[in-house]
Every structure is written in structure tokens, then in C-alpha cells.
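Following: one structure in C-alpha cells, then a few remarks.
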Amino acid sequence: MKRVVRFLLRTISMLIAATGIFLVASYFIQNYTNKEIDLNPMVDEPVVVESVSYDRYAYQHLNDETKVTYDQIYNCMTEYSEKITVSTKDNSTLQKAYEAVMADYGDLFWVNGYKYNTYTSDDKVVSIEFWPKYTMSKDQRDVYKASIEATADEWLSGISQDASDFKKALYVFETLIENVDYNTDSEENQNILSVFLYRSTVCQGYADAAWYLLDKLGIKSTVITGTANGESHAWNLVYLDGAYYYMDVTWGNSKYLDGNNDTAKRVNYAYFAMTTEEISQNHVITVDFEVPECLSNADNYFVHEGLYYDWFGVDSIGNRLAQSYNNGEAEISLKFSNSDLYSKVINYFIDENHLSDYCRGINSVYYLLDENANVLTIQWVKR
């Protein structure tokens with residue numbers, strides 16, 4: 001009888017120890033990211049949610065498996081769920097889906113990355129849980145949402161919903177540059193809070209805010225990430241009047257590049273509605289979804305405003321400069337189709353001083369050169 005009792009006690013002890021090991025393992029799974037545990041705990045089954053993103057650019061360029069995962073994690077973040085079991089069992093698919101969501105929606109300011117738990121059985125992935133990293137409570141999010149919308153509505157009060165795509169996008173471009181400074185020390189600078197609450201941001205904030213304002217105006221856009229001059233950067237892909245263009249609000253703020261040491265912030269229109277060829281001069285796209293070849297220049301600012309030249313028309317260029325000078329404008333910017341033409345114009349009008357042949361009485365001039373975009377800006381000295 002004593003032997004039987006001892007056996008039972010040892011058995012109970014072993015069961016308690018085993019239970020303890022399972023609990024520790026379960027805790028380990030829930031509190032660490034990207035850990036593969038050879039256990040098969042009870043996890044929720046993936047739930048297929050209805051897509052609300054069928055018209056979003058990045059979503060349209062994903063395969064079916066990634067689309068389902070995209071829908072699941074977007075629903076999780078917007079519903080403020082703690083976690084969700086996704087359909088995919090491939091963490092690279094999860095990463096692609098998350099990247100696409102953040103490209104298609106620039107207003108997810110309460111999310112800053114994610115972690116995931118991978119569950120395995122016999123070295124085979126059986127389930128993946130997605131856990132968004134929330135930076136605030138749901139109530140705080142809702143308060144901030146209201147503040148953002150109020151500021152955005154105030155800023156957009158100056159443009160009609162009936163305006164052309166060109167005018168809407170240009171209005172957003174100018175409004176963000178005029179109202180928001182570039183500052184690497186700005187609060188919440190990786191989301192739109194920095195723009196609408198603190199009016200100071202970096203490239204990610206500008207790109208997300210441009211997405212938000214364009215979306216309110218019914219303009220489709222996507223946040224594009226990559227590098228510019230070798231540094232991490234973000235800008236927008238926009239769909240205007242039936243064609244795709246790139247728009248970089250950050251570079252549109254003259255104080256960002258500051259290569260000319262501008263004393264005052266001004267709008268640099270060279271980075272509004274750009275072609276692929278133009279953006280590729282100094283930007284490299286690294287997103288993991290297909291991007292279009294942007295070929296049209298119809299909504300390029302300079303083309304649209306009659307400030308674009310693809311020939312060396314001396315009188316045409318000279319008379320346009322004279323018109324700006326005589327009308328008392330503060331400055332004028334002209335864009336040229338290639339670097340050879342650009343250099344020829346600078347040599348003729350600036351270096352050889354033929355500008356005075358058209359602008360009578362001019363004694364001095366301050367000019368800015370953007371060799372990347374082949375744009376010459378002349379700021380008229382007050383007479």
C-alpha cells in the first residue's frame with residue numbers, strides 16, 4: 001500500500017510539473033515576438049472579414065492570400081482589437097499585407113508597428129497571430145480623430161469639392177507646405193498628429209497628411225516609401241484626371257532642401273505631379289507592391305500653368321519673364337525639358353545678362369537653381 005501511495009504521489013507531482021511547463025511555455029508565446037514554439041495551444045480560427053479596400057491601390061496589387069490577410073489586419077486595427085489570427089501561415093505575407101495597409105491608409109495614427117506569434121507543430125507553422133502595437137487607448141484615439149478632422153475641414157474650406165483633380169491636389173500641396181514646418185524634432189512626426197495638432201513634421205507625416213486631405217477631397221493616393229538621396233523617405237502616388245503622378249510635399253517645402261539657403265519658406269512646385277523619370281532622379285522606391293509607370297505631364301504644375309519649355313524660344317521665355325516682372329510678382333519659376341536646354345537658358349539670360357533686354361530698368365536679380373528638376377526661379381528685387 002505504501003508503494004502504491006508513493007507511486008500516486010510521484011504521478012501527481014509529474015502532472016503538476018508538466019502543467020507548470022505548459023503554462024510557462026504559453027506565457028513565453030504571448031510575451032515575445034517572432035518565437036516559434038513546438039506546441040499546439042488553442043488559438044482562434046482565422047475569420048474572413050468583408051473587404052472595404054477594393055478600390056485602394058496597394059490592395060489591388062496583392063495576390064489573393066495577401067488580400068485576405070490585409071483585410072483581417074485592417075479590420076483588427078480599425079476595430080481596436082487586441083489581436084487576430086490571420087489566414088496566412090507565412091510571416092512574409094503578413095509583412096506585405098501590413099505594408100500595403102499602411103500605404104493605402106495614412107490615417108492610422110494610433111498604430112506603430114506590430115508583433116506576431118507563430119505557432120508550430122512538428123516544425124510546421126499551424127497558425128499566426130497578429131498583434132498591433134497601439135500607442136494610445138481607443139478613447140484617446142477618438143478624441144484625436146475629432147481634432148484632426150476639425151483642423152482638416154478648416155484647411156479644406158478654401159477649395160470646392162467640384163474643383164478639378166489638379167486644383168484639389170495643388171491646394172493640398174500648398175496648404176501643407178504653408179501651414180506645416182519640417183522639423184525632425186517634432187512630436188508624433190511619424191503620423192498625422194504632428195501635422196494637424198503640432199503643425200511640425202517630417203516626410204512620413206507630410207505623406208500621411210497629404211493622403212488624408214486628398215482622401216477627404218475624393219482624390220485617390222497612396223503613401224510610397226523608399227529613399228531619397230540615400231535617406232529613408234516617404235511621398236505620395238496620386239491619381240489626377242485619369243493619370244498617375246508622384247507628389248513629394250517634403251521636397252516641395254523649400255526649407256527642407258535649403259540648398260539655396262532660402263531665408264523664407266516657399267513652395268517648390270518642381271515636386272508636384274511628377275513623372276517616374278522625374279522622381280527617379282533622386283528617389284528610389286522600395287515598397288513591396290507594383291507601382292505604375294507615370295508618363296503623363298498634363299497635370300505637372302509648370303505644364304498646366306504655361307511655365308514649361310521644351311525649346312529655346314528666346315523671345316517666348318524673355319517675354320514671359322518680363323510679364324512677371326512688370327506685373328509686380330514676387331517671383332517666377334520656369335521648368336525646362338532637359339538639362340542642356342536648362343543650361344542654355346541660364347547662360348543666355350543670367351550669365352550673359354540678356355534678362356535686362358526684356359525687363360527694362362532691372363538692376364539686380366536673385367535666382368534659385370534646381371538642377372535635379374531643371375527649374376529656374378527668379379525672385380524679383382523690389383524696385
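Residues are named by chain letter and number: chains run A, B, ... in the order of the C-alpha cells, numbers start at 1 in each chain, and ligands are numbered from 1 in the order shown.
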If you count only C-alpha atoms, which residues fall within 10 Å of A:Ala228, apart from same-chain ones fewer than 4 positions away, as a CSV table (one decimal) with all heavy atoms, in the first residue's frame?
```csv
chain,number,residue,atom,x,y,z
A,232,SER,N,16.1,57.4,-45.9
A,232,SER,CA,14.7,56.9,-45.8
A,232,SER,C,13.7,58.1,-46.1
A,232,SER,O,13.9,59.2,-45.5
A,232,SER,CB,14.4,56.3,-44.5
A,232,SER,OG,15.2,55.1,-44.3
A,233,HIS,N,12.7,57.8,-46.8
A,233,HIS,CA,11.8,58.9,-47.3
A,233,HIS,C,10.4,58.3,-47.5
A,233,HIS,O,10.2,57.1,-47.8
A,233,HIS,CB,12.4,59.6,-48.5
A,233,HIS,CG,11.8,60.9,-48.8
A,233,HIS,ND1,11.8,61.9,-47.8
A,233,HIS,CD2,11.2,61.4,-49.9
A,233,HIS,CE1,11.2,63.0,-48.4
A,233,HIS,NE2,10.8,62.7,-49.6
A,234,ALA,N,9.4,59.2,-47.5
A,234,ALA,CA,8.1,58.9,-47.9
A,234,ALA,C,7.5,60.0,-48.7
A,234,ALA,O,7.7,61.2,-48.5
A,234,ALA,CB,7.2,58.7,-46.6
A,235,TRP,N,6.6,59.7,-49.7
A,235,TRP,CA,6.0,60.6,-50.5
A,235,TRP,C,4.7,60.0,-51.0
A,235,TRP,O,4.2,59.0,-50.5
A,235,TRP,CB,6.9,61.1,-51.7
A,235,TRP,CG,7.3,60.1,-52.6
A,235,TRP,CD1,6.8,59.8,-53.9
A,235,TRP,CD2,8.5,59.2,-52.5
A,235,TRP,NE1,7.5,58.7,-54.5
A,235,TRP,CE2,8.5,58.4,-53.6
A,235,TRP,CE3,9.4,59.0,-51.4
A,235,TRP,CZ2,9.5,57.4,-53.8
A,235,TRP,CZ3,10.3,58.0,-51.6
A,235,TRP,CH2,10.4,57.2,-52.8
A,251,TRP,N,9.8,67.6,-50.2
A,251,TRP,CA,10.7,68.3,-51.1
A,251,TRP,C,10.1,69.6,-51.6
A,251,TRP,O,10.8,70.5,-52.1
A,251,TRP,CB,11.2,67.4,-52.2
A,251,TRP,CG,12.2,66.4,-51.7
A,251,TRP,CD1,12.2,65.7,-50.6
A,251,TRP,CD2,13.4,66.1,-52.4
A,251,TRP,NE1,13.3,64.9,-50.5
A,251,TRP,CE2,14.1,65.1,-51.6
A,251,TRP,CE3,14.0,66.5,-53.7
A,251,TRP,CZ2,15.3,64.6,-52.0
A,251,TRP,CZ3,15.2,65.9,-54.0
A,251,TRP,CH2,15.8,65.0,-53.2
A,279,ILE,N,10.9,61.7,-60.8
A,279,ILE,CA,11.1,61.2,-59.4
A,279,ILE,C,12.3,60.4,-59.3
A,279,ILE,O,13.0,60.3,-58.2
A,279,ILE,CB,9.8,60.5,-58.9
A,279,ILE,CG1,9.8,60.5,-57.3
A,279,ILE,CG2,9.7,59.1,-59.4
A,279,ILE,CD1,9.4,61.8,-56.7
A,280,SER,N,12.6,59.6,-60.3
A,280,SER,CA,13.7,58.7,-60.3
A,280,SER,C,15.1,59.4,-60.3
A,280,SER,O,16.1,58.7,-60.1
A,280,SER,CB,13.6,57.7,-61.4
A,280,SER,OG,12.4,56.9,-61.3
A,281,GLN,N,15.1,60.7,-60.5
A,281,GLN,CA,16.4,61.4,-60.5
A,281,GLN,C,17.1,61.3,-59.1
A,281,GLN,O,18.3,61.2,-59.0
A,281,GLN,CB,16.2,62.9,-60.8
A,281,GLN,CG,15.7,63.1,-62.2
A,281,GLN,CD,16.7,62.7,-63.3
A,281,GLN,OE1,17.9,63.0,-63.1
A,281,GLN,NE2,16.3,62.1,-64.4
A,282,ASN,N,16.3,61.2,-58.0
A,282,ASN,CA,16.8,61.2,-56.7
A,282,ASN,C,16.0,60.3,-55.7
A,282,ASN,O,16.4,60.3,-54.5
A,282,ASN,CB,17.0,62.6,-56.2
A,282,ASN,CG,15.9,63.5,-56.6
A,282,ASN,OD1,14.7,63.1,-56.6
A,282,ASN,ND2,16.2,64.7,-57.2
A,283,HIS,N,15.0,59.7,-56.1
A,283,HIS,CA,14.1,58.9,-55.3
A,283,HIS,C,14.2,57.4,-55.7
A,283,HIS,O,14.2,57.1,-56.9
A,283,HIS,CB,12.7,59.3,-55.3
A,283,HIS,CG,12.4,60.6,-54.7
A,283,HIS,ND1,13.1,61.8,-55.0
A,283,HIS,CD2,11.5,61.0,-53.7
A,283,HIS,CE1,12.6,62.8,-54.3
A,283,HIS,NE2,11.7,62.4,-53.5
A,284,VAL,N,14.3,56.5,-54.8
A,284,VAL,CA,14.2,55.1,-55.1
A,284,VAL,C,13.1,54.4,-54.3
A,284,VAL,O,13.0,54.6,-53.1
A,284,VAL,CB,15.5,54.4,-54.7
A,284,VAL,CG1,15.5,52.9,-54.9
A,284,VAL,CG2,16.7,55.0,-55.4
A,285,ILE,N,12.2,53.8,-55.0
A,285,ILE,CA,11.0,53.2,-54.4
A,285,ILE,C,11.3,51.8,-53.9
A,285,ILE,O,11.9,51.0,-54.6
A,285,ILE,CB,9.8,53.1,-55.4
A,285,ILE,CG1,9.4,54.5,-55.8
A,285,ILE,CG2,8.7,52.3,-54.9
A,285,ILE,CD1,8.5,54.6,-57.0
```
_If you run DSSP on the backbone here, which positions in stretch 237-342 of chain A get strand (DSSP E)? Please write them as a count of residues only._
20
Taking only residues of stretch 262-295 of chain A that have an atom at most 12 Å from an atom of stretch 324-340 of chain A, what is each one's shortest atom pair and its distance in Å to one decimal, using only C-alpha atoms, in chain and number order, as a Markdown table?
```
| residue | atom | partner | partner_atom | distance |
| --- | --- | --- | --- | --- |
| A:Arg266 | CA | A:Glu331 | CA | 10.4 |
| A:Val267 | CA | A:Ser333 | CA | 10.6 |
| A:Asn268 | CA | A:Ser333 | CA | 8.9 |
| A:Tyr269 | CA | A:Ser333 | CA | 8.4 |
| A:Ala270 | CA | A:Lys335 | CA | 7.9 |
| A:Tyr271 | CA | A:Lys335 | CA | 11.5 |
| A:Glu277 | CA | A:Asn338 | CA | 11.5 |
| A:Glu278 | CA | A:Ser337 | CA | 10.3 |
```
Could you pull out the residues in stretch 290-341 of chain A that DSSP calls alpha helix (DSSP H) from the backbone, as a PDB file with N, CA, C and O atoms, in the first residue's frame?
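Ended up saving to result07.pdb:
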```
ATOM      1  N   TYR A 301       2.671  71.046 -62.716  1.00  0.00           N
ATOM      2  CA  TYR A 301       2.354  72.452 -62.426  1.00  0.00           C
ATOM      3  C   TYR A 301       2.813  73.382 -63.537  1.00  0.00           C
ATOM      4  O   TYR A 301       2.066  74.251 -64.001  1.00  0.00           O
ATOM      5  N   PHE A 302       4.032  73.198 -64.002  1.00  0.00           N
ATOM      6  CA  PHE A 302       4.604  74.103 -64.992  1.00  0.00           C
ATOM      7  C   PHE A 302       3.927  73.956 -66.348  1.00  0.00           C
ATOM      8  O   PHE A 302       3.686  74.945 -67.049  1.00  0.00           O
ATOM      9  N   VAL A 303       3.604  72.721 -66.705  1.00  0.00           N
ATOM     10  CA  VAL A 303       2.879  72.496 -67.954  1.00  0.00           C
ATOM     11  C   VAL A 303       1.492  73.120 -67.865  1.00  0.00           C
ATOM     12  O   VAL A 303       1.044  73.823 -68.785  1.00  0.00           O
ATOM     13  N   HIS A 304       0.828  72.880 -66.758  1.00  0.00           N
ATOM     14  CA  HIS A 304      -0.535  73.369 -66.573  1.00  0.00           C
ATOM     15  C   HIS A 304      -0.610  74.882 -66.566  1.00  0.00           C
ATOM     16  O   HIS A 304      -1.588  75.473 -67.060  1.00  0.00           O
ATOM     17  N   VAL A 314      13.791  82.145 -77.329  1.00  0.00           N
ATOM     18  CA  VAL A 314      14.330  83.279 -76.567  1.00  0.00           C
ATOM     19  C   VAL A 314      13.260  84.317 -76.271  1.00  0.00           C
ATOM     20  O   VAL A 314      13.077  84.741 -75.122  1.00  0.00           O
ATOM     21  N   ASP A 315      12.543  84.750 -77.289  1.00  0.00           N
ATOM     22  CA  ASP A 315      11.532  85.782 -77.072  1.00  0.00           C
ATOM     23  C   ASP A 315      10.376  85.279 -76.216  1.00  0.00           C
ATOM     24  O   ASP A 315       9.839  86.019 -75.378  1.00  0.00           O
ATOM     25  N   SER A 316       9.979  84.048 -76.430  1.00  0.00           N
ATOM     26  CA  SER A 316       8.882  83.483 -75.640  1.00  0.00           C
ATOM     27  C   SER A 316       9.253  83.442 -74.155  1.00  0.00           C
ATOM     28  O   SER A 316       8.464  83.840 -73.297  1.00  0.00           O
ATOM     29  N   ILE A 317      10.455  82.992 -73.876  1.00  0.00           N
ATOM     30  CA  ILE A 317      10.912  82.928 -72.488  1.00  0.00           C
ATOM     31  C   ILE A 317      11.114  84.337 -71.929  1.00  0.00           C
ATOM     32  O   ILE A 317      10.670  84.657 -70.818  1.00  0.00           O
ATOM     33  N   GLY A 318      11.770  85.186 -72.698  1.00  0.00           N
ATOM     34  CA  GLY A 318      12.031  86.548 -72.244  1.00  0.00           C
ATOM     35  C   GLY A 318      10.761  87.327 -71.978  1.00  0.00           C
ATOM     36  O   GLY A 318      10.654  88.048 -70.974  1.00  0.00           O
ATOM     37  N   ASN A 319       9.768  87.188 -72.865  1.00  0.00           N
ATOM     38  CA  ASN A 319       8.502  87.908 -72.676  1.00  0.00           C
ATOM     39  C   ASN A 319       7.727  87.386 -71.469  1.00  0.00           C
ATOM     40  O   ASN A 319       7.035  88.160 -70.792  1.00  0.00           O
ATOM     41  N   ARG A 320       7.847  86.092 -71.211  1.00  0.00           N
ATOM     42  CA  ARG A 320       7.152  85.543 -70.027  1.00  0.00           C
ATOM     43  C   ARG A 320       7.799  86.058 -68.758  1.00  0.00           C
ATOM     44  O   ARG A 320       7.112  86.368 -67.765  1.00  0.00           O
ATOM     45  N   LEU A 321       9.114  86.183 -68.733  1.00  0.00           N
ATOM     46  CA  LEU A 321       9.799  86.752 -67.585  1.00  0.00           C
ATOM     47  C   LEU A 321       9.427  88.224 -67.411  1.00  0.00           C
ATOM     48  O   LEU A 321       9.196  88.692 -66.284  1.00  0.00           O
ATOM     49  N   ALA A 322       9.365  88.949 -68.507  1.00  0.00           N
ATOM     50  CA  ALA A 322       9.012  90.367 -68.451  1.00  0.00           C
ATOM     51  C   ALA A 322       7.594  90.562 -67.920  1.00  0.00           C
ATOM     52  O   ALA A 322       7.330  91.507 -67.161  1.00  0.00           O
ATOM     53  N   GLN A 323       6.692  89.684 -68.320  1.00  0.00           N
ATOM     54  CA  GLN A 323       5.310  89.766 -67.850  1.00  0.00           C
ATOM     55  C   GLN A 323       5.244  89.653 -66.328  1.00  0.00           C
ATOM     56  O   GLN A 323       4.547  90.424 -65.653  1.00  0.00           O
ATOM     57  N   SER A 324       5.990  88.689 -65.781  1.00  0.00           N
ATOM     58  CA  SER A 324       6.022  88.515 -64.335  1.00  0.00           C
ATOM     59  C   SER A 324       6.628  89.736 -63.648  1.00  0.00           C
ATOM     60  O   SER A 324       6.101  90.235 -62.648  1.00  0.00           O
ATOM     61  N   TYR A 325       7.711  90.242 -64.223  1.00  0.00           N
ATOM     62  CA  TYR A 325       8.407  91.402 -63.651  1.00  0.00           C
ATOM     63  C   TYR A 325       7.519  92.649 -63.668  1.00  0.00           C
ATOM     64  O   TYR A 325       7.385  93.345 -62.655  1.00  0.00           O
ATOM     65  N   ASN A 326       6.900  92.903 -64.790  1.00  0.00           N
ATOM     66  CA  ASN A 326       6.070  94.102 -64.933  1.00  0.00           C
ATOM     67  C   ASN A 326       4.785  94.030 -64.127  1.00  0.00           C
ATOM     68  O   ASN A 326       4.214  95.066 -63.756  1.00  0.00           O
ATOM     69  N   SER A 339      18.380  69.039 -69.341  1.00  0.00           N
ATOM     70  CA  SER A 339      19.461  69.791 -68.712  1.00  0.00           C
ATOM     71  C   SER A 339      20.214  70.682 -69.698  1.00  0.00           C
ATOM     72  O   SER A 339      20.701  71.764 -69.324  1.00  0.00           O
ATOM     73  N   ASP A 340      20.308  70.273 -70.965  1.00  0.00           N
ATOM     74  CA  ASP A 340      21.005  71.096 -71.957  1.00  0.00           C
ATOM     75  C   ASP A 340      20.259  72.403 -72.196  1.00  0.00           C
ATOM     76  O   ASP A 340      20.863  73.487 -72.232  1.00  0.00           O
ATOM     77  N   LEU A 341      18.944  72.296 -72.354  1.00  0.00           N
ATOM     78  CA  LEU A 341      18.126  73.495 -72.546  1.00  0.00           C
ATOM     79  C   LEU A 341      18.172  74.367 -71.302  1.00  0.00           C
ATOM     80  O   LEU A 341      18.292  75.602 -71.396  1.00  0.00           O
TER      81      LEU A 341
END
```
Please build the interface table for stretch 175-272 of chain A against stretch 52-60 of chain A with a cut-off of 9 Å, listing for each qualifying residue the nearest atom pair and the distance in Å to one decimal; count only C-alpha atoms, order rows by chain and increasing number, and write it as JSON lines.
```
{"residue": "A:Lys220", "atom": "CA", "partner": "A:Arg56", "partner_atom": "CA", "distance": 7.8}
{"residue": "A:Ser221", "atom": "CA", "partner": "A:Tyr57", "partner_atom": "CA", "distance": 7.7}
{"residue": "A:Thr222", "atom": "CA", "partner": "A:Tyr57", "partner_atom": "CA", "distance": 6.7}
```
With N, CA, C and O atoms retained, export the selected residues as an mmCIF file, in the first residue's frame.
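Written out: part_23.cif:
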```
data_model
loop_
_atom_site.group_PDB
_atom_site.id
_atom_site.type_symbol
_atom_site.label_atom_id
_atom_site.label_comp_id
_atom_site.auth_asym_id
_atom_site.auth_seq_id
_atom_site.Cartn_x
_atom_site.Cartn_y
_atom_site.Cartn_z
ATOM 1 N N LYS A 220 -7.693 59.818 -55.088
ATOM 2 C CA LYS A 220 -7.014 58.594 -54.699
ATOM 3 C C LYS A 220 -5.510 58.835 -54.585
ATOM 4 O O LYS A 220 -4.905 59.420 -55.484
ATOM 5 N N SER A 221 -4.939 58.362 -53.505
ATOM 6 C CA SER A 221 -3.488 58.475 -53.336
ATOM 7 C C SER A 221 -2.981 57.305 -52.505
ATOM 8 O O SER A 221 -3.751 56.623 -51.826
ATOM 9 N N THR A 222 -1.683 57.093 -52.560
ATOM 10 C CA THR A 222 -1.030 56.002 -51.851
ATOM 11 C C THR A 222 0.272 56.528 -51.269
ATOM 12 O O THR A 222 0.964 57.319 -51.918
#
```
_Given only C-alpha atoms as the counted atoms, nearest of A:Phe196, A:Tyr98, A:Trp211, A:Tyr116 to A:Met77_ = A:Tyr98
*Using only C-alpha atoms, pick whichever of A:Leu307, A:Ile350, A:Lys83, A:Thr175 has the shortest atom-to-atom distance to A:Val375.*
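Residue with the minimum atom-to-atom distance to A:Val375: A:Leu307.
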*Would you please work out which residue, of A:Ser343, A:Thr275, A:Thr66, A:Thr78, is nearest to A:Asp142 when using only C-alpha atoms?*
A:Thr78
*Expressed in Å to a single decimal, how great is the separation between atom CA of A:Leu197 and atom CA of A:Tyr171?*
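For atom CA of A:Leu197 relative to atom CA of A:Tyr171, the distance reads 19.6 Å.
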Could you name the residues that touch A:Ile148 at 8 Å or less, counting only C-alpha atoms, but leaving out those on the same chain fewer than 3 positions away, as a tab-separated table (two decimals) with N, CA and C atoms, in the first residue's frame?
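Contents of around.tsv, freshly written:
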```tsv
chain	number	residue	atom	x	y	z
A	144	TYR	N	-8.55	62.40	-30.57
A	144	TYR	CA	-7.62	62.91	-31.57
A	144	TYR	C	-8.25	62.94	-32.97
A	145	LYS	N	-9.03	61.92	-33.28
A	145	LYS	CA	-9.70	61.88	-34.57
A	145	LYS	C	-10.56	63.12	-34.79
A	151	THR	N	-9.46	70.35	-37.84
A	151	THR	CA	-8.40	71.12	-38.49
A	151	THR	C	-8.41	70.90	-39.99
A	152	ALA	N	-8.57	69.66	-40.40
A	152	ALA	CA	-8.60	69.34	-41.84
A	152	ALA	C	-9.75	70.05	-42.54
A	193	LEU	N	-0.69	63.17	-36.52
A	193	LEU	CA	-0.86	64.02	-35.34
A	193	LEU	C	0.11	65.19	-35.39
A	196	PHE	N	-1.54	67.91	-37.92
A	196	PHE	CA	-2.80	68.58	-37.59
A	196	PHE	C	-2.87	69.11	-36.17
A	197	LEU	N	-2.04	68.57	-35.27
A	197	LEU	CA	-2.03	69.06	-33.90
A	197	LEU	C	-0.86	70.00	-33.63
```
*Hey, what's within 8 Å of A:Glu187 if we count only C-alpha atoms and toss same-chain stuff fewer than 6 positions away? As JSON, numbers by chain, please?*
{"A": [194, 198, 200, 201]}
_My list of candidates is A:Asp162, A:Asp299, A:Ile177, A:Pro132. Which is closest to A:Gln72 when distances are computed with only C-alpha atoms?_
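Among A:Asp162, A:Asp299, A:Ile177, A:Pro132, it is A:Pro132 that comes nearest to A:Gln72.
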_Atom-to-atom span, atom CA of A:Lys67 and atom CA of A:Ile219, Å_ =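 Going from atom CA of A:Lys67 over to atom CA of A:Ile219, I get 22.4 Å.
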*May I ask which of the residues A:Asn112, A:Thr286, A:Gln379, A:Ser121 is the closest one to A:Asn189, counting only C-alpha atoms?*
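Nearest candidate to A:Asn189 out of A:Asn112, A:Thr286, A:Gln379, A:Ser121: A:Asn112.
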